[in-house]
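Participant: Contents of protein-v4.cif (mmCIF, C-alpha atoms) are given next:
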data_input
loop_
_atom_site.group_PDB
_atom_site.id
_atom_site.type_symbol
_atom_site.label_atom_id
_atom_site.label_comp_id
_atom_site.auth_asym_id
_atom_site.auth_seq_id
_atom_site.Cartn_x
_atom_site.Cartn_y
_atom_site.Cartn_z
ATOM 1 C CA MET A 17 0.000 0.000 0.000
ATOM 2 C CA HIS A 18 1.405 3.387 -1.037
ATOM 3 C CA ILE A 19 0.466 6.193 1.370
ATOM 4 C CA ARG A 20 1.261 9.848 2.014
ATOM 5 C CA PHE A 21 2.110 10.987 5.530
ATOM 6 C CA THR A 22 3.173 14.023 7.525
ATOM 7 C CA LYS A 23 5.735 13.819 10.318
ATOM 8 C CA MET A 24 5.017 16.207 13.217
ATOM 9 C CA GLN A 25 6.200 16.809 16.750
ATOM 10 C CA GLY A 26 4.898 18.540 19.844
ATOM 11 C CA ALA A 27 7.568 19.209 22.477
ATOM 12 C CA GLY A 28 9.549 16.304 21.030
ATOM 13 C CA ASN A 29 6.675 13.813 21.175
ATOM 14 C CA ASP A 30 6.615 12.771 17.509
ATOM 15 C CA PHE A 31 3.816 11.549 15.262
ATOM 16 C CA VAL A 32 3.033 10.187 11.824
ATOM 17 C CA VAL A 33 -0.187 11.893 10.706
ATOM 18 C CA LEU A 34 -2.453 10.226 8.127
ATOM 19 C CA ASP A 35 -5.315 11.889 6.233
ATOM 20 C CA GLU A 36 -8.311 9.556 6.248
ATOM 21 C CA THR A 37 -10.905 12.239 5.555
ATOM 22 C CA ARG A 38 -11.544 10.805 2.077
ATOM 23 C CA GLY A 39 -11.529 7.156 3.100
ATOM 24 C CA ARG A 40 -10.064 4.692 5.569
ATOM 25 C CA LEU A 41 -6.668 3.205 4.846
ATOM 26 C CA GLY A 42 -7.591 0.062 6.780
ATOM 27 C CA LEU A 43 -4.152 -0.434 8.333
ATOM 28 C CA SER A 44 -3.582 -3.453 10.542
ATOM 29 C CA THR A 45 -1.994 -3.393 13.990
ATOM 30 C CA ALA A 46 1.210 -4.717 12.458
ATOM 31 C CA GLN A 47 1.219 -1.956 9.819
ATOM 32 C CA TYR A 48 0.811 0.759 12.454
ATOM 33 C CA ARG A 49 3.682 -0.847 14.341
ATOM 34 C CA TRP A 50 5.785 -0.902 11.152
ATOM 35 C CA LEU A 51 5.128 2.796 10.426
ATOM 36 C CA ALA A 52 6.205 3.710 13.966
ATOM 37 C CA ASP A 53 9.409 1.652 13.751
ATOM 38 C CA ARG A 54 12.412 3.986 13.649
ATOM 39 C CA HIS A 55 14.545 1.546 11.639
ATOM 40 C CA PHE A 56 12.157 0.087 9.060
ATOM 41 C CA GLY A 57 9.311 2.627 8.893
ATOM 42 C CA VAL A 58 8.988 6.376 9.402
ATOM 43 C CA GLY A 59 9.452 6.380 13.172
ATOM 44 C CA ALA A 60 7.065 7.872 15.734
ATOM 45 C CA ASP A 61 5.728 7.641 19.257
ATOM 46 C CA GLN A 62 2.169 7.515 17.885
ATOM 47 C CA ILE A 63 0.236 7.381 14.610
ATOM 48 C CA LEU A 64 -2.587 9.948 14.266
ATOM 49 C CA SER A 65 -5.428 9.325 11.816
ATOM 50 C CA VAL A 66 -7.554 12.334 10.783
ATOM 51 C CA ARG A 67 -11.115 11.294 9.981
ATOM 52 C CA PRO A 68 -14.298 13.174 9.029
ATOM 53 C CA SER A 69 -16.869 14.358 11.533
ATOM 54 C CA PRO A 70 -18.871 11.453 12.974
ATOM 55 C CA ALA A 71 -21.737 13.637 14.253
ATOM 56 C CA PRO A 72 -23.273 17.128 14.086
ATOM 57 C CA GLY A 73 -21.411 19.700 16.165
ATOM 58 C CA LEU A 74 -18.049 18.043 15.602
ATOM 59 C CA ASP A 75 -15.448 19.060 13.028
ATOM 60 C CA PHE A 76 -13.377 15.854 12.894
ATOM 61 C CA GLU A 77 -12.563 12.580 14.560
ATOM 62 C CA TYR A 78 -9.016 11.567 15.280
ATOM 63 C CA VAL A 79 -7.725 8.141 16.213
ATOM 64 C CA ILE A 80 -4.438 7.387 17.977
ATOM 65 C CA HIS A 81 -2.292 4.260 17.723
ATOM 66 C CA ASN A 82 0.774 3.771 19.895
ATOM 67 C CA ALA A 83 4.125 2.600 18.593
ATOM 68 C CA ASP A 84 3.171 -0.956 19.567
ATOM 69 C CA GLY A 85 0.199 -0.786 17.177
ATOM 70 C CA GLY A 86 -2.497 -0.633 19.841
ATOM 71 C CA GLU A 87 -5.234 2.000 19.750
ATOM 72 C CA VAL A 88 -5.308 4.344 22.751
ATOM 73 C CA GLU A 89 -7.787 6.803 24.185
ATOM 74 C CA HIS A 90 -6.000 10.133 24.201
ATOM 75 C CA CYS A 91 -2.803 12.024 23.382
ATOM 76 C CA GLY A 92 -2.432 15.660 24.359
ATOM 77 C CA ASN A 93 0.641 16.478 22.268
ATOM 78 C CA GLY A 94 -1.013 14.706 19.351
ATOM 79 C CA ALA A 95 -4.122 16.854 19.760
ATOM 80 C CA ARG A 96 -2.043 19.988 19.273
ATOM 81 C CA CYS A 97 -0.398 18.562 16.166
ATOM 82 C CA PHE A 98 -3.845 17.565 14.922
ATOM 83 C CA VAL A 99 -5.187 21.130 14.903
ATOM 84 C CA ARG A 100 -2.077 22.498 13.195
ATOM 85 C CA TYR A 101 -2.295 19.729 10.592
ATOM 86 C CA VAL A 102 -5.914 20.383 9.589
ATOM 87 C CA HIS A 103 -5.248 24.126 9.338
ATOM 88 C CA GLU A 104 -2.052 23.716 7.296
ATOM 89 C CA LYS A 105 -3.773 21.240 4.959
ATOM 90 C CA ALA A 106 -6.761 23.604 4.588
ATOM 91 C CA LEU A 107 -9.083 20.873 5.834
ATOM 92 C CA SER A 108 -10.729 23.453 8.076
ATOM 93 C CA THR A 109 -10.537 27.134 9.008
ATOM 94 C CA GLN A 110 -12.527 26.657 12.204
ATOM 95 C CA ASN A 111 -10.897 27.980 15.381
ATOM 96 C CA PRO A 112 -11.542 26.515 17.846
ATOM 97 C CA LEU A 113 -12.151 22.994 16.571
ATOM 98 C CA ARG A 114 -14.251 20.313 18.236
ATOM 99 C CA VAL A 115 -13.096 16.758 17.620
ATOM 100 C CA LYS A 116 -14.033 13.265 18.732
ATOM 101 C CA VAL A 117 -11.508 10.965 20.372
ATOM 102 C CA GLN A 118 -12.098 7.442 21.593
ATOM 103 C CA HIS A 119 -13.791 8.317 24.885
ATOM 104 C CA GLY A 120 -15.043 11.859 24.428
ATOM 105 C CA GLU A 121 -14.660 15.197 22.690
ATOM 106 C CA LEU A 122 -11.957 17.874 22.728
ATOM 107 C CA GLU A 123 -11.870 21.589 21.964
ATOM 108 C CA LEU A 124 -8.660 22.758 20.281
ATOM 109 C CA ARG A 125 -7.616 26.385 19.715
ATOM 110 C CA MET A 126 -4.764 27.870 17.680
ATOM 111 C CA ASN A 127 -3.277 30.885 19.482
ATOM 112 C CA PRO A 128 -1.789 34.026 17.871
ATOM 113 C CA ASP A 129 1.703 33.028 19.092
ATOM 114 C CA GLY A 130 1.489 29.773 17.123
ATOM 115 C CA ARG A 131 1.032 27.585 20.165
ATOM 116 C CA VAL A 132 -2.080 25.441 20.543
ATOM 117 C CA THR A 133 -4.383 25.221 23.553
ATOM 118 C CA VAL A 134 -6.320 22.022 24.163
ATOM 119 C CA ASP A 135 -9.267 21.731 26.525
ATOM 120 C CA MET A 136 -8.419 18.295 27.885
ATOM 121 C CA GLY A 137 -11.638 17.914 29.855
ATOM 122 C CA ALA A 138 -11.915 17.112 33.539
ATOM 123 C CA PRO A 139 -9.629 14.611 35.263
ATOM 124 C CA VAL A 140 -11.153 11.351 36.465
ATOM 125 C CA PHE A 141 -10.411 10.131 39.978
ATOM 126 C CA ASP A 142 -12.854 7.228 40.234
ATOM 127 C CA LEU A 143 -10.573 4.195 40.464
ATOM 128 C CA ASP A 144 -12.892 1.907 38.502
ATOM 129 C CA ARG A 145 -12.908 4.369 35.600
ATOM 130 C CA VAL A 146 -9.119 4.845 35.513
ATOM 131 C CA PRO A 147 -9.082 1.744 35.815
ATOM 132 C CA PHE A 148 -7.097 0.803 38.929
ATOM 133 C CA ASN A 149 -7.563 -1.988 41.460
ATOM 134 C CA GLY A 150 -6.762 -0.697 44.935
ATOM 135 C CA GLN A 151 -8.311 -3.664 46.774
ATOM 136 C CA GLY A 152 -6.211 -4.688 49.754
ATOM 137 C CA LEU A 153 -3.982 -1.598 49.605
ATOM 138 C CA THR A 154 -3.848 1.090 52.282
ATOM 139 C CA ALA A 155 -3.760 4.568 50.782
ATOM 140 C CA GLN A 156 -1.272 7.114 52.116
ATOM 141 C CA PRO A 157 -3.007 10.472 51.573
ATOM 142 C CA LEU A 158 -1.243 13.826 51.341
ATOM 143 C CA ALA A 159 -3.422 16.938 51.641
ATOM 144 C CA GLY A 160 -6.419 14.630 51.336
ATOM 145 C CA PHE A 161 -5.375 13.045 48.016
ATOM 146 C CA ASP A 162 -4.651 9.320 48.071
ATOM 147 C CA ARG A 163 -1.285 7.871 47.141
ATOM 148 C CA TRP A 164 -1.149 4.119 46.581
ATOM 149 C CA PRO A 165 1.826 1.873 47.433
ATOM 150 C CA LEU A 166 2.608 -0.453 44.526
ATOM 151 C CA ALA A 167 4.815 -3.428 45.298
ATOM 152 C CA LEU A 168 7.205 -3.787 42.378
ATOM 153 C CA PRO A 169 8.491 -7.093 41.006
ATOM 154 C CA GLY A 170 11.959 -7.811 42.339
ATOM 155 C CA GLY A 171 11.389 -5.710 45.444
ATOM 156 C CA GLY A 172 10.786 -2.083 46.220
ATOM 157 C CA GLU A 173 7.691 0.068 46.142
ATOM 158 C CA ALA A 174 6.323 3.015 44.182
ATOM 159 C CA LEU A 175 3.958 5.457 45.888
ATOM 160 C CA VAL A 176 1.661 6.715 43.128
ATOM 161 C CA SER A 177 -1.250 9.086 42.677
ATOM 162 C CA VAL A 178 -3.789 7.577 40.290
ATOM 163 C CA LEU A 179 -6.074 9.389 37.848
ATOM 164 C CA SER A 180 -7.207 9.448 34.239
ATOM 165 C CA MET A 181 -6.936 12.198 31.644
ATOM 166 C CA GLY A 182 -8.901 10.104 29.173
ATOM 167 C CA ASN A 183 -6.121 7.537 29.615
ATOM 168 C CA PRO A 184 -4.688 6.095 32.847
ATOM 169 C CA HIS A 185 -1.817 7.734 34.745
ATOM 170 C CA ALA A 186 0.244 6.911 37.816
ATOM 171 C CA VAL A 187 2.232 9.896 39.128
ATOM 172 C CA LEU A 188 5.044 9.547 41.644
ATOM 173 C CA LEU A 189 7.069 12.317 43.255
ATOM 174 C CA VAL A 190 10.845 12.212 42.839
ATOM 175 C CA ASP A 191 13.640 14.464 44.111
ATOM 176 C CA ASN A 192 15.373 14.720 40.728
ATOM 177 C CA VAL A 193 14.086 13.472 37.376
ATOM 178 C CA ASP A 194 17.655 13.160 36.085
ATOM 179 C CA THR A 195 18.445 10.425 38.590
ATOM 180 C CA ALA A 196 14.945 8.941 38.934
ATOM 181 C CA PRO A 197 14.682 5.223 37.999
ATOM 182 C CA VAL A 198 12.444 5.923 34.998
ATOM 183 C CA LEU A 199 13.779 3.148 32.783
ATOM 184 C CA LEU A 200 13.836 0.643 35.654
ATOM 185 C CA GLN A 201 10.521 1.349 37.383
ATOM 186 C CA GLY A 202 8.637 2.773 34.396
ATOM 187 C CA PRO A 203 8.069 -0.588 32.663
ATOM 188 C CA LEU A 204 7.159 -2.240 35.984
ATOM 189 C CA ILE A 205 4.533 0.388 36.755
ATOM 190 C CA GLU A 206 3.239 0.473 33.153
ATOM 191 C CA ARG A 207 2.412 -3.249 33.247
ATOM 192 C CA HIS A 208 1.558 -3.535 36.945
ATOM 193 C CA GLU A 209 -1.219 -6.022 37.586
ATOM 194 C CA ARG A 210 -3.317 -3.391 39.371
ATOM 195 C CA PHE A 211 -3.756 -1.486 36.099
ATOM 196 C CA PRO A 212 -5.812 -3.807 33.856
ATOM 197 C CA ARG A 213 -5.313 -1.557 30.792
ATOM 198 C CA ARG A 214 -1.728 -0.699 31.704
ATOM 199 C CA VAL A 215 -0.765 2.844 32.692
ATOM 200 C CA ASN A 216 1.446 5.830 31.866
ATOM 201 C CA ALA A 217 4.039 6.284 34.618
ATOM 202 C CA GLY A 218 4.950 9.900 35.405
ATOM 203 C CA PHE A 219 8.011 10.885 37.442
ATOM 204 C CA LEU A 220 7.388 14.384 38.828
ATOM 205 C CA GLN A 221 9.944 16.766 40.348
ATOM 206 C CA ILE A 222 8.541 19.890 42.036
ATOM 207 C CA VAL A 223 10.807 22.899 41.398
ATOM 208 C CA ASN A 224 8.452 25.483 42.901
ATOM 209 C CA ARG A 225 4.705 26.046 42.963
ATOM 210 C CA SER A 226 4.591 27.071 39.295
ATOM 211 C CA GLN A 227 7.469 25.052 37.787
ATOM 212 C CA VAL A 228 7.978 21.294 37.581
ATOM 213 C CA ARG A 229 10.155 18.832 35.703
ATOM 214 C CA LEU A 230 8.653 15.636 34.320
ATOM 215 C CA ARG A 231 9.609 12.380 32.667
ATOM 216 C CA VAL A 232 6.956 9.913 31.505
ATOM 217 C CA TYR A 233 7.237 6.245 30.621
ATOM 218 C CA GLU A 234 4.309 5.950 28.234
ATOM 219 C CA ARG A 235 2.083 2.951 27.845
ATOM 220 C CA GLY A 236 3.001 1.184 24.614
ATOM 221 C CA ALA A 237 5.737 3.669 23.660
ATOM 222 C CA GLY A 238 8.366 3.707 26.410
ATOM 223 C CA GLU A 239 9.897 6.952 27.648
ATOM 224 C CA THR A 240 9.072 9.859 25.332
ATOM 225 C CA LEU A 241 10.470 13.392 25.173
ATOM 226 C CA ALA A 242 7.098 14.741 26.308
ATOM 227 C CA CYS A 243 3.624 13.456 27.152
ATOM 228 C CA GLY A 244 0.715 15.901 27.051
ATOM 229 C CA THR A 245 -1.768 13.892 29.084
ATOM 230 C CA GLY A 246 1.095 12.978 31.413
ATOM 231 C CA ALA A 247 1.862 16.671 31.978
ATOM 232 C CA CYS A 248 -1.824 17.309 32.745
ATOM 233 C CA ALA A 249 -2.014 14.337 35.129
ATOM 234 C CA ALA A 250 1.185 15.362 36.915
ATOM 235 C CA VAL A 251 0.012 18.946 37.477
ATOM 236 C CA VAL A 252 -3.450 17.849 38.606
ATOM 237 C CA ALA A 253 -1.876 15.398 41.050
ATOM 238 C CA GLY A 254 0.502 18.087 42.309
ATOM 239 C CA ILE A 255 -2.375 20.511 42.858
ATOM 240 C CA ARG A 256 -4.463 17.890 44.686
ATOM 241 C CA LEU A 257 -1.432 17.085 46.866
ATOM 242 C CA GLY A 258 -1.216 20.773 47.828
ATOM 243 C CA LEU A 259 2.154 21.312 46.139
ATOM 244 C CA LEU A 260 1.297 23.415 43.050
ATOM 245 C CA ASP A 261 -0.641 26.502 42.013
ATOM 246 C CA ALA A 262 -3.308 26.566 39.311
ATOM 247 C CA ARG A 263 -0.984 27.424 36.395
ATOM 248 C CA VAL A 264 2.231 25.452 35.979
ATOM 249 C CA ASP A 265 5.023 25.252 33.409
ATOM 250 C CA VAL A 266 6.028 21.619 32.875
ATOM 251 C CA HIS A 267 9.616 21.206 31.702
ATOM 252 C CA THR A 268 10.138 18.017 29.706
ATOM 253 C CA HIS A 269 13.121 16.851 27.680
ATOM 254 C CA GLY A 270 11.266 18.001 24.566
ATOM 255 C CA GLY A 271 10.153 21.460 25.707
ATOM 256 C CA VAL A 272 7.771 23.343 27.965
ATOM 257 C CA LEU A 273 4.033 22.727 28.292
ATOM 258 C CA THR A 274 1.795 25.094 30.240
ATOM 259 C CA ILE A 275 -0.974 23.402 32.230
ATOM 260 C CA GLU A 276 -3.821 25.242 33.946
ATOM 261 C CA TRP A 277 -6.366 23.663 36.305
ATOM 262 C CA HIS A 278 -8.554 25.423 38.838
ATOM 263 C CA ASP A 279 -9.554 22.901 41.476
ATOM 264 C CA SER A 280 -13.037 22.954 42.981
ATOM 265 C CA PRO A 281 -14.850 20.977 45.689
ATOM 266 C CA ALA A 282 -16.051 18.552 43.001
ATOM 267 C CA HIS A 283 -12.608 18.405 41.317
ATOM 268 C CA ASP A 284 -14.413 18.557 37.962
ATOM 269 C CA GLY A 285 -12.891 21.584 36.248
ATOM 270 C CA ALA A 286 -11.404 21.241 32.764
ATOM 271 C CA VAL A 287 -7.626 21.044 32.338
ATOM 272 C CA LEU A 288 -6.118 23.392 29.730
ATOM 273 C CA MET A 289 -2.837 22.507 28.040
ATOM 274 C CA THR A 290 -0.861 24.934 25.857
ATOM 275 C CA GLY A 291 2.247 24.064 23.895
ATOM 276 C CA PRO A 292 3.989 23.894 20.515
ATOM 277 C CA ALA A 293 3.111 21.831 17.447
ATOM 278 C CA THR A 294 5.451 21.646 14.461
ATOM 279 C CA THR A 295 5.492 19.984 11.053
ATOM 280 C CA VAL A 296 8.830 18.239 10.508
ATOM 281 C CA PHE A 297 8.512 16.832 6.984
ATOM 282 C CA GLU A 298 6.154 15.142 4.532
ATOM 283 C CA GLY A 299 6.641 12.054 2.445
ATOM 284 C CA GLU A 300 5.307 8.932 0.770
ATOM 285 C CA ILE A 301 6.024 5.350 1.692
ATOM 286 C CA ASP A 302 5.120 1.828 0.622
ATOM 287 C CA VAL A 303 3.640 -0.037 3.555
ATOM 288 C CA PRO A 304 4.150 -3.821 3.299
ATOM 289 C CA ASP A 305 1.265 -6.254 3.543
ATOM 290 C CA LEU A 306 1.248 -7.311 7.178
ATOM 291 C CA PRO A 307 -1.533 -9.178 8.987
#
Can the structure in the file be given as structure tokens, please?
Facilitator:
Amino acid sequence: MHIRFTKMQGAGNDFVVLDETRGRLGLSTAQYRWLADRHFGVGADQILSVRPSPAPGLDFEYVIHNADGGEVEHCGNGARCFVRYVHEKALSTQNPLRVKVQHGELELRMNPDGRVTVDMGAPVFDLDRVPFNGQGLTAQPLAGFDRWPLALPGGGEALVSVLSMGNPHAVLLVDNVDTAPVLLQGPLIERHERFPRRVNAGFLQIVNRSQVRLRVYERGAGETLACGTGACAAVVAGIRLGLLDARVDVHTHGGVLTIEWHDSPAHDGAVLMTGPATTVFEGEIDVPDLP
């Protein structure tokens, strides 16, 4: 199959973007995995598919596949690249845009400075909806927000805050992200038995009440240069733990994301994420027949 693609990145989180507004390509899991392969394919953390509106009031649908070929619920950095893509390709002049993702809808806005703001919706704290199995564990709350002790294979423990930003996240506080055991503990947390759909593991360093540093071991992709939903989850967790203010700059290896969340008694306010989105290059490629 011969296809056209666009390579994009948002704060170093990189994507292959496919235009399916005129028809589905019908790629298999193995073909998504091949496209994401950095040696044999194009190379990306995720594949984004742009599809036509599925319902009145929506401008588009977009579908996300991780580097392992599996479809996932949400990707914040991908959402920013999505809105830049449809504007650059003249697929829409709407601003803001409303789009459908797997488990909901997003509002995306292009700003005058070229950055993109995404209304990421409200965080989810209900453990069954994350999903997370806390049965038999004793929570260790800080400022009223639960932290859960995860026993790790081979010994040791990770104390994590659990929530969903449309996809599951486990956030743990560390003194220094440079020396944090991201590559050791990240895979163990990602596939921990208490997360039936696996989880994104965020390692959060508090610099001050408006600045943090973050590394994320992403579900199905490994450590990435940035993770948009991970940045949102980390800031929300930090606010609920009483450590952060409502507007925070998140410093990742790939760049800075600005997250804003105003907590309320119901904890149901929308999270806003602002950051860069850049087109890297465009091309064509022959995708092999793979089951």
Participant: Return as a ChimeraX atom specification the set of residues that the PyMOL selection byres ((chain A and resi 180) around 9) yields on the displayed structure.
Facilitator: /A:139-143,145-147,178-179,181-186,245,249
Participant: Could you write out as a list of chain:residue names the residues that the PyMOL selection byres ((chain A and resi 80) around 8) matches in the shown file?
Facilitator: A:Gln62, A:Ile63, A:Leu64, A:Ser65, A:Tyr78, A:Val79, A:His81, A:Asn82, A:Glu87, A:Val88, A:Glu89, A:His90, A:Cys91
Participant: Would you kindly return, as a PyMOL selection string, each protein, DNA or RNA residue with an atom no farther than 10 Å from any atom of Val102 (chain A), considering all atoms listed in the file and excluding same-chain residues fewer than 4 positions away?
Facilitator: chain A and resi 35+66+76+97-98+106-110+113
Participant: Which residue gives the smallest distance to Gln227 (chain A) among A:Ala247, A:Val132, A:Ala167, A:Ala52, with only C-alpha atoms counted?
Facilitator: A:Ala247
Participant: Quote the spacing between CA of Phe219 (chain A) and CA of Leu188 (chain A) in Å to one decimal place.
Facilitator: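 Between CA of Phe219 (chain A) and CA of Leu188 (chain A) the gap works out to 5.3 Å.
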Participant: Give me the result of the PyMOL selection byres ((chain A and resi 273) around 6) on this file, residue by residue, as JSON, numbers by chain.
Facilitator: {"A": [265, 266, 272, 274, 290, 291]}
Participant: Save the residues we just selected, C-alpha atoms, as a short mmCIF file (atom, residue, chain, number, x, y, z; two decimals), keeping the file's coordinate frame?
Facilitator:
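Everything below was put into out_25.cif:
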data_model
loop_
_atom_site.label_atom_id
_atom_site.label_comp_id
_atom_site.auth_asym_id
_atom_site.auth_seq_id
_atom_site.Cartn_x
_atom_site.Cartn_y
_atom_site.Cartn_z
CA ASP A 265 5.02 25.25 33.41
CA VAL A 266 6.03 21.62 32.88
CA VAL A 272 7.77 23.34 27.96
CA THR A 274 1.80 25.09 30.24
CA THR A 290 -0.86 24.93 25.86
CA GLY A 291 2.25 24.06 23.90
#
Participant: For region 235-248 of chain A, where the input has fewer atoms than it should, I would like N, CA, C and O atoms rebuilt and written as a CSV table (one decimal), keeping the file's coordinate frame.
Facilitator:
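Saved the output as part_10.csv:
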chain,number,residue,atom,x,y,z
A,235,ARG,N,2.7,4.2,28.2
A,235,ARG,CA,2.1,3.0,27.8
A,235,ARG,C,2.2,2.7,26.3
A,235,ARG,O,1.7,3.4,25.5
A,236,GLY,N,2.9,1.6,26.0
A,236,GLY,CA,3.0,1.2,24.6
A,236,GLY,C,4.0,1.9,23.8
A,236,GLY,O,4.2,1.7,22.6
A,237,ALA,N,4.8,2.9,24.4
A,237,ALA,CA,5.7,3.7,23.7
A,237,ALA,C,7.1,3.8,24.4
A,237,ALA,O,8.1,4.1,23.7
A,238,GLY,N,7.1,3.5,25.7
A,238,GLY,CA,8.4,3.7,26.4
A,238,GLY,C,8.5,5.2,26.8
A,238,GLY,O,7.6,6.0,26.7
A,239,GLU,N,9.7,5.6,27.3
A,239,GLU,CA,9.9,7.0,27.6
A,239,GLU,C,9.9,7.8,26.4
A,239,GLU,O,10.6,7.5,25.4
A,240,THR,N,9.1,8.9,26.4
A,240,THR,CA,9.1,9.9,25.3
A,240,THR,C,9.6,11.2,25.8
A,240,THR,O,9.8,11.5,27.0
A,241,LEU,N,9.9,12.1,24.8
A,241,LEU,CA,10.5,13.4,25.2
A,241,LEU,C,9.4,14.3,25.9
A,241,LEU,O,9.8,15.2,26.6
A,242,ALA,N,8.2,14.0,25.6
A,242,ALA,CA,7.1,14.7,26.3
A,242,ALA,C,5.8,13.9,26.2
A,242,ALA,O,5.7,13.1,25.3
A,243,CYS,N,4.9,14.1,27.2
A,243,CYS,CA,3.6,13.5,27.2
A,243,CYS,C,2.6,14.5,27.6
A,243,CYS,O,2.6,14.9,28.8
A,244,GLY,N,1.7,14.9,26.7
A,244,GLY,CA,0.7,15.9,27.1
A,244,GLY,C,-0.2,15.5,28.2
A,244,GLY,O,-0.4,16.2,29.1
A,245,THR,N,-0.9,14.3,28.0
A,245,THR,CA,-1.8,13.9,29.1
A,245,THR,C,-1.0,13.6,30.4
A,245,THR,O,-1.5,13.9,31.5
A,246,GLY,N,0.3,13.2,30.2
A,246,GLY,CA,1.1,13.0,31.4
A,246,GLY,C,1.4,14.3,32.1
A,246,GLY,O,1.4,14.3,33.4
A,247,ALA,N,1.6,15.4,31.4
A,247,ALA,CA,1.9,16.7,32.0
A,247,ALA,C,0.6,17.1,32.7
A,247,ALA,O,0.7,17.7,33.8
A,248,CYS,N,-0.6,16.9,32.1
A,248,CYS,CA,-1.8,17.3,32.7
A,248,CYS,C,-2.0,16.5,34.0
A,248,CYS,O,-2.4,17.1,35.1
